[in-house]
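Just upload.cif here, mmCIF, C-alpha atoms:
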```
data_my_file
loop_
_atom_site.label_atom_id
_atom_site.label_comp_id
_atom_site.auth_asym_id
_atom_site.auth_seq_id
_atom_site.Cartn_x
_atom_site.Cartn_y
_atom_site.Cartn_z
CA MET D 1 -107.69 -55.20 28.47
CA PRO D 2 -107.01 -51.51 27.67
CA CYS D 3 -103.91 -50.75 25.62
CA ARG D 4 -102.43 -48.67 28.45
CA SER D 5 -102.56 -51.65 30.84
CA VAL D 6 -100.92 -53.90 28.25
CA LYS D 7 -98.10 -51.42 27.84
CA LYS D 8 -97.62 -51.31 31.61
CA LEU D 9 -97.39 -55.11 31.78
CA MET D 10 -94.89 -55.16 28.90
CA CYS D 11 -92.74 -52.54 30.63
CA LEU D 12 -92.93 -54.48 33.89
CA GLY D 13 -91.87 -57.65 32.08
CA ASN D 14 -88.89 -55.90 30.51
CA HIS D 15 -87.91 -54.48 33.91
CA VAL D 16 -88.03 -57.94 35.54
CA ALA D 17 -85.96 -59.40 32.71
CA SER D 18 -83.40 -56.64 33.17
CA LEU D 19 -83.21 -57.34 36.92
CA THR D 20 -82.80 -61.06 36.23
CA LEU D 21 -79.83 -60.40 33.95
CA ARG D 22 -78.23 -58.24 36.60
CA VAL D 23 -78.78 -60.74 39.41
CA SER D 24 -77.72 -63.89 37.54
CA PRO D 25 -73.93 -63.30 37.89
CA LEU D 26 -74.36 -63.35 41.68
CA ARG D 27 -76.11 -66.70 41.42
CA GLN D 28 -73.14 -68.02 39.49
CA ILE D 29 -70.82 -66.88 42.25
CA HIS D 30 -72.85 -68.59 44.95
CA THR D 31 -72.33 -72.00 43.36
CA SER D 32 -68.64 -71.60 42.52
CA THR D 33 -65.44 -72.35 44.44
CA CYS D 34 -62.16 -70.48 44.79
CA ASN D 35 -60.59 -72.31 41.87
CA SER D 36 -63.59 -72.39 39.55
CA SER D 37 -62.78 -71.01 36.12
CA ALA D 38 -66.45 -70.08 35.64
CA GLU D 39 -66.64 -67.57 38.45
CA PRO D 40 -66.95 -63.88 37.58
CA LYS D 41 -63.91 -61.67 37.71
CA TYR D 42 -65.06 -59.72 40.77
CA ALA D 43 -65.06 -62.75 43.11
CA PHE D 44 -62.33 -63.44 45.65
CA LYS D 45 -60.05 -65.98 43.92
CA PRO D 46 -56.39 -65.37 44.80
CA LYS D 47 -53.71 -67.85 43.74
CA LYS D 48 -51.12 -66.58 46.23
CA VAL D 49 -51.88 -65.27 49.72
CA ALA D 50 -49.46 -63.78 52.25
CA VAL D 51 -50.46 -64.35 55.88
CA VAL D 52 -48.82 -61.67 58.04
CA THR D 53 -48.79 -62.61 61.72
CA LYS D 54 -48.42 -60.45 64.79
CA THR D 55 -45.62 -60.73 67.31
CA THR D 56 -47.19 -62.11 70.48
CA ARG D 57 -46.27 -60.74 73.88
CA TYR D 58 -44.57 -64.07 74.64
CA GLU D 59 -42.38 -63.75 71.54
CA PHE D 60 -41.67 -60.11 72.31
CA GLU D 61 -40.48 -60.86 75.84
CA GLN D 62 -38.36 -63.76 74.62
CA GLN D 63 -36.67 -61.62 71.96
CA ARG D 64 -36.24 -58.73 74.37
CA TYR D 65 -34.37 -60.72 77.02
CA ARG D 66 -32.66 -63.29 74.84
CA TYR D 67 -29.84 -60.84 74.19
CA ALA D 68 -29.41 -60.29 77.93
CA GLY D 69 -28.50 -63.96 78.30
CA LEU D 70 -31.53 -64.87 80.39
CA SER D 71 -32.62 -68.47 80.60
CA GLU D 72 -36.25 -69.53 80.36
CA GLU D 73 -36.40 -69.87 84.15
CA ASP D 74 -34.90 -66.39 84.60
CA LEU D 75 -37.51 -65.02 82.21
CA LYS D 76 -40.31 -66.66 84.19
CA HIS D 77 -38.97 -65.11 87.41
CA LEU D 78 -38.55 -61.66 85.83
CA LEU D 79 -42.08 -61.67 84.40
CA ALA D 80 -43.45 -62.72 87.80
CA MET D 81 -41.67 -59.75 89.41
CA LYS D 82 -43.37 -57.48 86.83
CA GLY D 83 -46.77 -58.96 87.64
CA SER D 84 -47.00 -60.88 84.35
CA SER D 85 -47.71 -64.58 84.05
CA TYR D 86 -45.30 -66.61 81.92
CA SER D 87 -47.82 -69.42 81.54
CA GLY D 88 -50.54 -66.93 80.62
CA LEU D 89 -48.42 -65.35 77.90
CA LEU D 90 -47.51 -68.78 76.57
CA GLU D 91 -51.18 -69.81 76.52
CA ARG D 92 -52.18 -66.71 74.48
CA HIS D 93 -49.23 -67.36 72.14
CA ASN D 94 -50.37 -70.93 71.56
CA ILE D 95 -53.94 -69.79 70.84
CA HIS D 96 -52.67 -67.31 68.25
CA THR D 97 -50.35 -69.89 66.68
CA LYS D 98 -53.14 -72.49 66.46
CA ASN D 99 -55.47 -70.01 64.75
CA VAL D 100 -52.76 -69.01 62.25
CA GLU D 101 -52.26 -72.70 61.39
CA HIS D 102 -56.04 -73.00 60.96
CA ILE D 103 -56.00 -70.13 58.43
CA VAL D 104 -53.05 -71.54 56.50
CA LYS D 105 -54.48 -75.08 56.24
CA SER D 106 -57.84 -73.69 55.07
CA LEU D 107 -56.17 -71.71 52.29
CA GLN D 108 -53.97 -74.61 51.21
CA LYS D 109 -56.98 -76.91 51.10
CA GLU D 110 -58.41 -74.63 48.41
CA GLY D 111 -55.20 -74.97 46.39
CA ILE D 112 -53.94 -71.51 47.30
CA GLU D 113 -50.19 -70.96 47.67
CA VAL D 114 -49.47 -69.48 51.11
CA LYS D 115 -46.51 -67.55 52.48
CA VAL D 116 -46.48 -66.95 56.26
CA VAL D 117 -44.57 -63.81 57.25
CA LYS D 118 -43.86 -62.37 60.69
CA ARG D 119 -44.65 -58.69 60.85
CA GLY D 120 -40.95 -57.87 61.15
CA GLY D 121 -40.33 -59.49 57.76
CA TYR D 122 -43.29 -57.86 56.03
CA ASP D 123 -42.10 -55.59 53.23
CA SER D 124 -42.87 -54.41 49.70
CA GLU D 125 -41.58 -57.66 48.17
CA VAL D 126 -44.17 -59.65 50.13
CA VAL D 127 -46.89 -57.24 49.02
CA GLN D 128 -45.83 -57.55 45.39
CA TRP D 129 -45.74 -61.37 45.56
CA ALA D 130 -49.25 -61.80 46.97
CA ASP D 131 -52.60 -61.58 45.19
CA ALA D 132 -54.24 -60.94 48.57
CA ILE D 133 -53.00 -60.43 52.11
CA ILE D 134 -54.45 -61.77 55.36
CA SER D 135 -53.59 -59.98 58.57
CA ALA D 136 -53.43 -62.54 61.38
CA GLY D 137 -53.50 -60.68 64.67
CA GLY D 138 -55.49 -57.69 65.87
CA ASP D 139 -56.13 -54.14 64.69
CA GLY D 140 -52.45 -53.19 65.10
CA THR D 141 -51.36 -55.91 62.70
CA MET D 142 -54.09 -54.92 60.26
CA LEU D 143 -52.90 -51.29 60.31
CA LEU D 144 -49.32 -52.36 59.63
CA VAL D 145 -50.40 -54.61 56.75
CA ALA D 146 -52.57 -51.89 55.23
CA SER D 147 -49.89 -49.20 55.45
CA LYS D 148 -47.65 -50.93 52.90
CA VAL D 149 -50.34 -51.93 50.38
CA LEU D 150 -50.26 -49.03 47.95
CA SER D 151 -52.53 -50.55 45.28
CA LYS D 152 -56.29 -50.43 45.68
CA ASP D 153 -56.57 -53.63 43.61
CA LYS D 154 -55.02 -55.87 46.29
CA PRO D 155 -57.54 -57.18 48.88
CA VAL D 156 -56.62 -57.12 52.56
CA VAL D 157 -58.56 -59.28 55.04
CA GLY D 158 -58.08 -59.16 58.81
CA VAL D 159 -58.55 -62.19 61.07
CA ASN D 160 -58.49 -61.68 64.83
CA THR D 161 -56.35 -64.56 66.12
CA ASP D 162 -57.01 -63.86 69.82
CA PRO D 163 -60.51 -62.39 70.10
CA GLU D 164 -60.64 -62.79 73.88
CA ARG D 165 -57.83 -60.25 74.27
CA SER D 166 -58.29 -58.08 71.19
CA GLU D 167 -61.27 -56.06 69.95
CA GLY D 168 -60.48 -56.42 66.25
CA HIS D 169 -62.73 -53.70 64.77
CA LEU D 170 -60.92 -53.98 61.43
CA CYS D 171 -61.08 -57.78 61.29
CA LEU D 172 -63.73 -60.28 60.24
CA PRO D 173 -66.40 -61.04 62.87
CA VAL D 174 -64.85 -63.06 65.69
CA LYS D 175 -66.95 -66.16 64.94
CA TYR D 176 -64.79 -66.69 61.84
CA THR D 177 -61.59 -66.99 63.88
CA ARG D 178 -62.34 -70.64 64.60
CA LYS D 179 -64.54 -71.06 61.52
CA PHE D 180 -62.25 -69.59 58.89
CA PRO D 181 -63.22 -72.19 56.25
CA GLU D 182 -66.77 -70.83 56.48
CA ALA D 183 -65.51 -67.29 55.88
CA LEU D 184 -63.27 -68.45 53.02
CA GLY D 185 -66.21 -70.28 51.45
CA LYS D 186 -68.28 -67.09 51.53
CA LEU D 187 -65.44 -65.16 49.93
CA CYS D 188 -64.97 -67.77 47.21
CA ARG D 189 -68.70 -67.87 46.44
CA GLY D 190 -68.92 -64.10 46.33
CA GLU D 191 -71.16 -63.80 49.40
CA PHE D 192 -69.58 -60.52 50.40
CA ARG D 193 -69.20 -56.94 49.30
CA TRP D 194 -66.09 -54.88 48.81
CA GLN D 195 -65.56 -52.05 51.23
CA TRP D 196 -63.29 -49.30 49.99
CA ARG D 197 -61.72 -47.69 53.04
CA GLN D 198 -60.30 -44.25 52.39
CA ARG D 199 -56.73 -43.61 53.50
CA ILE D 200 -54.44 -40.65 54.08
CA ARG D 201 -51.41 -39.87 51.94
CA LEU D 202 -48.54 -37.67 53.09
CA HIS D 203 -46.28 -35.32 51.18
CA LEU D 204 -43.22 -34.01 53.03
CA GLU D 205 -41.00 -31.08 52.12
CA GLY D 206 -38.66 -28.60 53.77
CA THR D 207 -35.32 -28.94 55.56
CA GLY D 208 -33.76 -32.10 56.96
CA ILE D 209 -36.29 -34.36 55.29
CA ASN D 210 -35.90 -38.10 55.76
CA PRO D 211 -38.61 -40.20 54.06
CA THR D 212 -37.45 -43.36 55.86
CA PRO D 213 -39.79 -44.16 58.77
CA LEU D 214 -38.83 -45.53 62.15
CA ASP D 215 -40.88 -48.65 62.88
CA LEU D 216 -42.36 -48.41 66.38
CA HIS D 217 -44.44 -51.59 66.35
CA GLU D 218 -41.94 -53.93 67.96
CA GLN D 219 -39.92 -51.43 69.95
CA GLN D 220 -40.26 -49.91 73.40
CA LEU D 221 -38.18 -46.78 73.15
CA SER D 222 -37.49 -44.14 75.74
CA LEU D 223 -37.62 -40.53 74.59
CA GLU D 224 -33.82 -40.43 74.27
CA GLN D 225 -33.73 -43.73 72.36
CA HIS D 226 -36.54 -42.54 70.07
CA SER D 227 -34.68 -39.33 69.25
CA GLN D 228 -31.41 -41.21 68.72
CA ALA D 229 -33.11 -43.71 66.41
CA HIS D 230 -34.48 -40.84 64.31
CA ARG D 231 -31.03 -39.23 64.15
CA ILE D 232 -29.50 -42.53 63.00
CA THR D 233 -32.06 -43.00 60.22
CA THR D 234 -31.55 -39.38 59.14
CA MET D 235 -27.76 -39.81 59.00
CA ASP D 236 -28.16 -43.07 57.05
CA HIS D 237 -30.42 -41.33 54.56
CA GLN D 238 -28.00 -38.42 54.16
CA GLN D 239 -25.08 -40.79 53.56
CA LYS D 240 -27.04 -42.74 50.95
CA THR D 241 -28.14 -39.61 49.12
CA GLY D 242 -24.86 -37.74 49.67
CA VAL D 243 -26.78 -34.68 50.82
CA LEU D 244 -26.33 -32.94 54.18
CA ASN D 245 -28.89 -30.52 55.61
CA GLU D 246 -31.06 -31.53 52.72
CA SER D 247 -33.65 -29.06 51.54
CA VAL D 248 -36.46 -30.43 49.42
CA SER D 249 -38.38 -27.91 47.34
CA LYS D 250 -40.59 -30.51 45.68
CA PRO D 251 -42.93 -32.42 48.03
CA SER D 252 -41.97 -36.06 48.49
CA LEU D 253 -44.78 -38.64 48.70
CA LEU D 254 -44.08 -40.91 51.66
CA PRO D 255 -44.15 -44.69 51.09
CA VAL D 256 -46.95 -45.40 53.60
CA ARG D 257 -50.70 -44.84 53.73
CA SER D 258 -52.66 -44.20 56.89
CA LEU D 259 -55.83 -46.17 57.52
CA ASN D 260 -56.60 -44.70 60.96
CA GLU D 261 -54.89 -41.43 61.76
CA ILE D 262 -51.83 -39.21 61.62
CA PHE D 263 -50.53 -37.62 64.81
CA ILE D 264 -48.11 -34.70 64.86
CA GLY D 265 -46.53 -33.48 68.07
CA GLU D 266 -43.51 -33.25 70.34
CA SER D 267 -42.06 -36.58 71.44
CA LEU D 268 -42.08 -35.36 75.06
CA SER D 269 -45.79 -35.26 75.87
CA SER D 270 -45.42 -32.59 78.58
CA ARG D 271 -43.94 -30.13 76.05
CA ALA D 272 -46.32 -28.00 73.99
CA SER D 273 -46.20 -28.58 70.24
CA TYR D 274 -45.61 -25.42 68.19
CA TYR D 275 -46.66 -25.46 64.54
CA GLU D 276 -48.61 -23.61 61.86
CA ILE D 277 -51.66 -25.07 60.20
CA SER D 278 -53.62 -24.33 57.01
CA VAL D 279 -56.96 -26.05 56.36
CA ASP D 280 -58.15 -26.39 52.75
CA ASP D 281 -55.62 -23.81 51.49
CA GLY D 282 -56.87 -21.26 54.01
CA PRO D 283 -54.67 -18.81 55.93
CA TRP D 284 -51.87 -20.15 58.11
CA GLU D 285 -52.53 -20.08 61.87
CA LYS D 286 -49.92 -20.33 64.59
CA GLN D 287 -50.78 -23.08 67.04
CA LYS D 288 -49.57 -24.30 70.38
CA SER D 289 -51.26 -27.42 71.64
CA SER D 290 -50.77 -30.97 72.84
CA GLY D 291 -50.53 -32.06 69.23
CA LEU D 292 -52.61 -32.51 66.11
CA SER D 293 -54.62 -35.59 65.07
CA ILE D 294 -56.00 -36.11 61.57
CA CYS D 295 -58.14 -39.18 60.97
CA THR D 296 -60.14 -41.05 58.35
CA GLY D 297 -63.65 -42.44 58.72
CA THR D 298 -62.07 -45.73 59.80
CA GLY D 299 -60.07 -43.90 62.46
CA SER D 300 -63.05 -41.84 63.64
CA LYS D 301 -63.93 -44.72 66.00
CA ALA D 302 -60.42 -44.86 67.45
CA TRP D 303 -58.13 -42.23 68.98
CA SER D 304 -59.97 -39.28 67.43
CA TYR D 305 -63.20 -40.43 69.06
CA ASN D 306 -61.59 -40.57 72.48
CA ILE D 307 -59.96 -37.16 72.01
CA ASN D 308 -63.29 -35.47 71.25
CA LYS D 309 -65.99 -37.46 73.04
CA LEU D 310 -67.93 -35.94 75.93
CA ALA D 311 -68.50 -37.63 79.25
CA GLU D 312 -71.95 -37.67 80.86
CA GLN D 313 -70.58 -35.60 83.71
CA ALA D 314 -69.55 -32.78 81.35
CA VAL D 315 -72.92 -32.84 79.53
CA ASN D 316 -74.75 -32.73 82.85
CA GLU D 317 -72.75 -29.73 84.05
CA ILE D 318 -73.20 -27.84 80.75
CA LEU D 319 -76.96 -28.44 80.66
CA THR D 320 -77.24 -27.40 84.31
CA ILE D 321 -75.58 -24.07 83.48
CA GLY D 322 -77.81 -23.70 80.41
CA LYS D 323 -80.89 -24.32 82.49
CA CYS D 324 -79.85 -21.68 85.04
CA GLN D 325 -78.97 -19.12 82.35
CA THR D 326 -82.10 -19.53 80.24
CA GLY D 327 -84.73 -20.62 82.74
CA LEU D 328 -85.80 -23.34 80.31
CA ALA D 329 -87.28 -26.54 81.66
CA ILE D 330 -84.36 -28.74 80.59
CA PRO D 331 -84.74 -32.23 82.06
CA LEU D 332 -81.63 -33.31 83.91
CA ASN D 333 -82.57 -36.91 84.55
CA PRO D 334 -79.99 -39.64 83.75
CA GLU D 335 -81.90 -40.89 80.70
CA PHE D 336 -81.93 -37.44 79.05
CA ILE D 337 -78.26 -36.88 79.87
CA ASP D 338 -77.39 -40.28 78.36
CA ASN D 339 -79.33 -39.52 75.17
CA VAL D 340 -77.68 -36.13 74.66
CA THR D 341 -74.23 -37.58 75.34
CA ASP D 342 -74.77 -40.45 72.91
CA ARG D 343 -76.12 -38.15 70.18
CA TYR D 344 -73.04 -35.92 70.40
CA ASN D 345 -70.54 -38.76 70.53
CA GLU D 346 -72.20 -40.57 67.61
CA SER D 347 -71.78 -37.42 65.50
CA LEU D 348 -67.99 -37.85 65.74
CA VAL D 349 -68.08 -41.14 63.80
CA PHE D 350 -68.33 -41.17 60.00
CA SER D 351 -68.11 -43.72 57.20
CA PRO D 352 -64.79 -45.42 56.31
CA GLU D 353 -65.65 -44.65 52.67
CA ASP D 354 -66.02 -40.90 53.31
CA ARG D 355 -63.53 -38.83 51.29
CA ARG D 356 -63.08 -36.28 54.09
CA LEU D 357 -60.42 -35.89 56.77
CA PHE D 358 -61.27 -34.98 60.36
CA PHE D 359 -58.70 -32.90 62.23
CA SER D 360 -58.52 -32.36 65.99
CA ILE D 361 -56.27 -29.86 67.75
CA ARG D 362 -55.62 -31.34 71.18
CA GLU D 363 -55.92 -28.86 74.06
CA PRO D 364 -55.12 -25.68 72.07
CA ILE D 365 -53.46 -22.78 73.88
CA VAL D 366 -55.34 -19.57 73.01
CA ASN D 367 -53.91 -16.13 73.83
CA ARG D 368 -52.94 -12.92 72.04
CA VAL D 369 -50.19 -14.75 70.10
CA PHE D 370 -51.83 -18.08 69.34
CA SER D 371 -55.33 -18.46 67.96
CA SER D 372 -57.64 -21.37 67.24
CA SER D 373 -60.46 -20.51 64.87
CA ARG D 374 -61.56 -24.17 64.80
CA GLN D 375 -60.51 -26.82 67.28
CA ARG D 376 -61.87 -29.63 65.11
CA GLY D 377 -63.60 -30.14 61.80
CA PHE D 378 -63.74 -31.80 58.40
CA ALA D 379 -61.33 -30.96 55.61
CA SER D 380 -60.11 -32.14 52.23
CA LYS D 381 -56.51 -31.09 52.85
CA VAL D 382 -54.47 -30.03 55.86
CA CYS D 383 -50.99 -28.48 55.67
CA VAL D 384 -48.74 -28.32 58.74
CA ARG D 385 -45.44 -26.45 59.12
CA SER D 386 -43.36 -27.59 62.09
CA ARG D 387 -41.85 -25.20 64.59
CA CYS D 388 -41.10 -28.02 67.03
CA TRP D 389 -37.87 -29.02 68.77
CA ASP D 390 -38.09 -32.78 68.88
CA ALA D 391 -41.29 -33.81 67.18
CA CYS D 392 -42.51 -36.68 65.08
CA MET D 393 -45.30 -37.47 62.67
CA VAL D 394 -46.70 -40.89 63.56
CA VAL D 395 -48.75 -42.94 61.08
CA ASP D 396 -51.29 -45.33 62.64
CA GLY D 397 -49.24 -45.54 65.82
CA GLY D 398 -46.57 -47.60 64.06
CA SER D 399 -44.41 -45.56 61.65
CA SER D 400 -42.69 -42.42 62.89
CA PHE D 401 -41.18 -39.67 60.75
CA GLU D 402 -39.01 -36.90 62.14
CA PHE D 403 -40.95 -33.64 61.97
CA ASN D 404 -38.93 -30.73 63.33
CA ASP D 405 -38.56 -27.05 62.55
CA GLY D 406 -38.71 -26.42 58.79
CA ALA D 407 -40.58 -29.55 57.80
CA ILE D 408 -43.91 -29.14 55.97
CA ALA D 409 -46.50 -31.92 55.66
CA THR D 410 -49.40 -31.90 53.23
CA ILE D 411 -52.07 -34.35 54.35
CA SER D 412 -54.79 -35.35 51.90
CA MET D 413 -56.70 -38.21 50.28
CA SER D 414 -56.70 -39.72 46.82
CA GLU D 415 -59.04 -42.18 45.15
CA ASP D 416 -55.96 -44.22 44.21
CA ASP D 417 -55.20 -44.89 47.88
CA GLN D 418 -58.41 -46.68 48.82
CA LEU D 419 -57.91 -49.97 50.68
CA ARG D 420 -59.89 -52.92 49.34
CA THR D 421 -61.39 -54.85 52.26
CA VAL D 422 -64.37 -57.18 52.56
CA VAL D 423 -67.66 -57.22 54.43
CA LEU D 424 -69.22 -60.67 54.69
CA ASP D 425 -72.95 -61.07 54.08
CA ASN D 426 -74.99 -62.28 57.03
#
```
Kindly return the structure encoded in the file as structure tokens.
Amino acid sequence: MPCRSVKKLMCLGNHVASLTLRVSPLRQIHTSTCNSSAEPKYAFKPKKVAVVTKTTRYEFEQQRYRYAGLSEEDLKHLLAMKGSSYSGLLERHNIHTKNVEHIVKSLQKEGIEVKVVKRGGYDSEVVQWADAIISAGGDGTMLLVASKVLSKDKPVVGVNTDPERSEGHLCLPVKYTRKFPEALGKLCRGEFRWQWRQRIRLHLEGTGINPTPLDLHEQQLSLEQHSQAHRITTMDHQQKTGVLNESVSKPSLLPVRSLNEIFIGESLSSRASYYEISVDDGPWEKQKSSGLSICTGTGSKAWSYNINKLAEQAVNEILTIGKCQTGLAIPLNPEFIDNVTDRYNESLVFSPEDRRLFFSIREPIVNRVFSSSRQRGFASKVCVRSRCWDACMVVDGGSSFEFNDGAIATISMSEDDQLRTVVLDN
């Protein structure tokens, strides 16, 4: 055999040996359990897990009317008058509760210490106590759980506890709702990959700053109640700090992270939102619009997608005009219209691991005073100065910060804010 061929075989042998060394740790994971001392450090092996559960509609209605002195029969009658079924709500509540118990028993069977927490009792102390956190609910619960996990070293896993009524994009595949031990086994054996979802951080500065958010998750507030709640939290903050009409020169990092999106706008949806915006340290532009949305790759499938997507009717009408103006033989059959619509809408979605923000100015007003050089686009940083009367900055639809005239928000991303989630191998 020629010397050159021998050298090739030797190189190939060394390459295979190198691959074997790199693959062997995965083989060790596949045969280990959650409590095995031999498993590699990058496997999922928490000793303490917090299970954060959603508030079901049944629980919400009970809590809402309990203070009005209604009996269970009165509640049934009231729900019937509203077109809601008491028995239906109770059935969904029982399904959720049963699935939460299934999760807890599966964890305990593996020798893991479990703390079950209702979302109203979920706070920084729970986050600090747990090695990993399981969100038991839908996407809303997952967003709440993620918002308070500030360390990228703490895994967060979502389980959809009522998949028939909830989409659960951020949760494990729905088959694992009733087969959670199978999912837990995969996690313990390392049959998964980490997914690092990028998140948004917020710095706030200016006048009247209150870094304490108003929790919207379990409240149904009217506009007046929402404004009053913000005023109360602002007064509480001023009393605690001893500062009135506080002016903050140094930006304050808010104690939440956004997994989906930030929305800035007037609380009254029929009122135009007035603000100034600077993208990537560019010039400030005066804006009047229906509000501003800034999302991550995770959130690009949610509200941002629905703000910007095109309907087939609009694509058809645009292509019809284009065909008339150019004389080109543009096919206007349903299949072509569908393909063009899908191609455009798919371009709005990007990876959860992407380090870019995507901003959308909703229905911008353009005239000689207000301009809009870009209605949407990618950015690394967005700064917004409020000129609003009664506005808020809402994080993932759940945490609301007062954002009125004089407040300045700097919206960006940091590698330190990534959320550690899992993707199970098929």
Can you give me, as a ChimeraX atom specification, the residues this file yields under the PyMOL selection byres ((chain D and resi 353) around 10)? /D:195-199,296-298,350-352,354-356,418-419
Run the PyMOL selection byres ((chain D and resi 138) around 9) against the file shown and list the residues it catches, as a list in words.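 Applying the PyMOL selection byres ((chain D and resi 138) around 9) to the structure shown produces Lys54, Ser135, Ala136, Gly137, Asp139, Gly140, Thr141, Met142, Leu143, Gly158, Val159, Asn160, Thr161, Asp162, Pro163, Ser166, Glu167, Gly168, His169, Leu170 and Cys171 of chain D.
Residues within 10 Å of D:Tyr344, counting all atoms listed in the file and excluding same-chain residues fewer than 6 positions away, are Asn308, Lys309, Leu310 and Val315 of chain D.
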Atom CA of D:Leu184 sits from atom CA of D:Leu259 at a separation of 23.9 Å
Which one is closest to D:Ala314: D:Leu187, D:Ser270, D:Ile337, D:Leu75? Count all atoms listed in the file.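 Smallest distance to D:Ala314 is found for D:Ile337.
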Given the choices D:Cys324, D:Leu253, D:Leu332, D:Ala409, which gets closest to D:Ile294 if the distance is worked out from all atoms listed in the file? D:Ala409
Selected by the PyMOL selection byres ((chain D and resi 369) around 12) in the shown coordinates: which residues, as a PyMOL selection string? chain D and resi 274+285-288+365-368+370-372
Those selected residues, please, written with C-alpha atoms and delivered as a tab-separated table (two decimals), in the frame of the given file.
```
chain	number	residue	atom	x	y	z
D	274	TYR	CA	-45.61	-25.42	68.19
D	285	GLU	CA	-52.53	-20.08	61.87
D	286	LYS	CA	-49.92	-20.33	64.59
D	287	GLN	CA	-50.78	-23.08	67.04
D	288	LYS	CA	-49.57	-24.30	70.38
D	365	ILE	CA	-53.46	-22.78	73.88
D	366	VAL	CA	-55.34	-19.57	73.01
D	367	ASN	CA	-53.91	-16.13	73.83
D	368	ARG	CA	-52.94	-12.92	72.04
D	370	PHE	CA	-51.83	-18.08	69.34
D	371	SER	CA	-55.33	-18.46	67.96
D	372	SER	CA	-57.64	-21.37	67.24
```
Atom CA of D:Glu164 and atom CA of D:Val394, how far apart in Å? 27.9 Å
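Atom CA of D:Glu276 lies 23.5 Å from atom CA of D:Ser414.
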Non-local contacts of D:Arg376 (9 Å; all atoms listed in the file; under 6 positions in same chain excluded) as a list of chain:residue names: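 The filter keeps D:Asn308, D:Phe358, D:Phe359, D:Ser360, D:Ile361, D:Arg362.
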Write the selection just made, keeping C-alpha atoms, as a short mmCIF file (atom, residue, chain, number, x, y, z; two decimals), in the coordinates of the input?
```cif
data_model
loop_
_atom_site.label_atom_id
_atom_site.label_comp_id
_atom_site.auth_asym_id
_atom_site.auth_seq_id
_atom_site.Cartn_x
_atom_site.Cartn_y
_atom_site.Cartn_z
CA ASN D 308 -63.29 -35.47 71.25
CA PHE D 358 -61.27 -34.98 60.36
CA PHE D 359 -58.70 -32.90 62.23
CA SER D 360 -58.52 -32.36 65.99
CA ILE D 361 -56.27 -29.86 67.75
CA ARG D 362 -55.62 -31.34 71.18
#
```
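Of the residues under consideration (D:Gln325, D:Thr55, D:Gln375, D:Asn306), D:Gln375 shows the shortest atom-to-atom contact distance to D:Leu292 when counting all atoms listed in the file.
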Nearest residue to D:Glu125 from the set D:Phe192, D:Lys148, D:Ile112, D:Pro283 (distances using all atoms listed in the file):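 Going through D:Phe192, D:Lys148, D:Ile112, D:Pro283 one by one, the smallest distance to D:Glu125 is for D:Lys148.
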Env of stretch 78-87 of chain D: 12 Å cut, atoms = all atoms listed in the file, seq-sep filter 5 positions within chain, self excluded. Answer as a ChimeraX atom specification. /D:57-59,61-62,64-65,70-73,92-94
Residues of the last selection are to be written out with C-alpha atoms, as a compact mmCIF listing (two decimals), in the frame of the given file.
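Written output follows (again04.txt):
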```txt
# COMPACT_ATOMS: atom_id res chain seq x y z
CA ARG D 57 -46.27 -60.74 73.88
CA TYR D 58 -44.57 -64.07 74.64
CA GLU D 59 -42.38 -63.75 71.54
CA GLU D 61 -40.48 -60.86 75.84
CA GLN D 62 -38.36 -63.76 74.62
CA ARG D 64 -36.24 -58.73 74.37
CA TYR D 65 -34.37 -60.72 77.02
CA LEU D 70 -31.53 -64.87 80.39
CA SER D 71 -32.62 -68.47 80.60
CA GLU D 72 -36.25 -69.53 80.36
CA GLU D 73 -36.40 -69.87 84.15
CA ARG D 92 -52.18 -66.71 74.48
CA HIS D 93 -49.23 -67.36 72.14
CA ASN D 94 -50.37 -70.93 71.56
```
Which residues are near D:Val145? Cut-off 8 Å, only C-alpha atoms, ignore same chain within fewer than 5 positions. Put them as a PyMOL selection string. chain D and resi 52+122+133+135+156
Please identify all polymer residues within 10 Å of D:Ser106, counting all atoms listed in the file, omitting same-chain residues fewer than 5 positions from it, and present them as a PyMOL selection string. chain D and resi 100-101+111-112+179-182+184-185
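Candidate residues D:Val422, D:Val116, D:Leu150, D:Cys188 were compared for distance to D:Ala43, and the nearest is D:Cys188, using only C-alpha atoms.
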Under the rule that all atoms listed in the file are counted, which of D:Pro211, D:Pro334, D:Pro364, D:Gly282 is the nearest residue to D:Phe403? D:Pro211
Taking all atoms of stretch 147-152 of chain D that appear in the file, build a box with edges along x, y and z, extend it by 6 Å on every side, and state its centre and edge lengths in Å to one decimal, as AutoDock Vina command-line options.
```
--center_x -52.0 --center_y -50.5 --center_z 50.4 --size_x 20.6 --size_y 14.9 --size_z 22.2
```
Within 8 Å of (-47.4, -42.1, 51.8), in the coordinates the file gives, what residues turn up when you count all atoms listed in the file, written out as a PyMOL selection string? chain D and resi 200-203+253-258
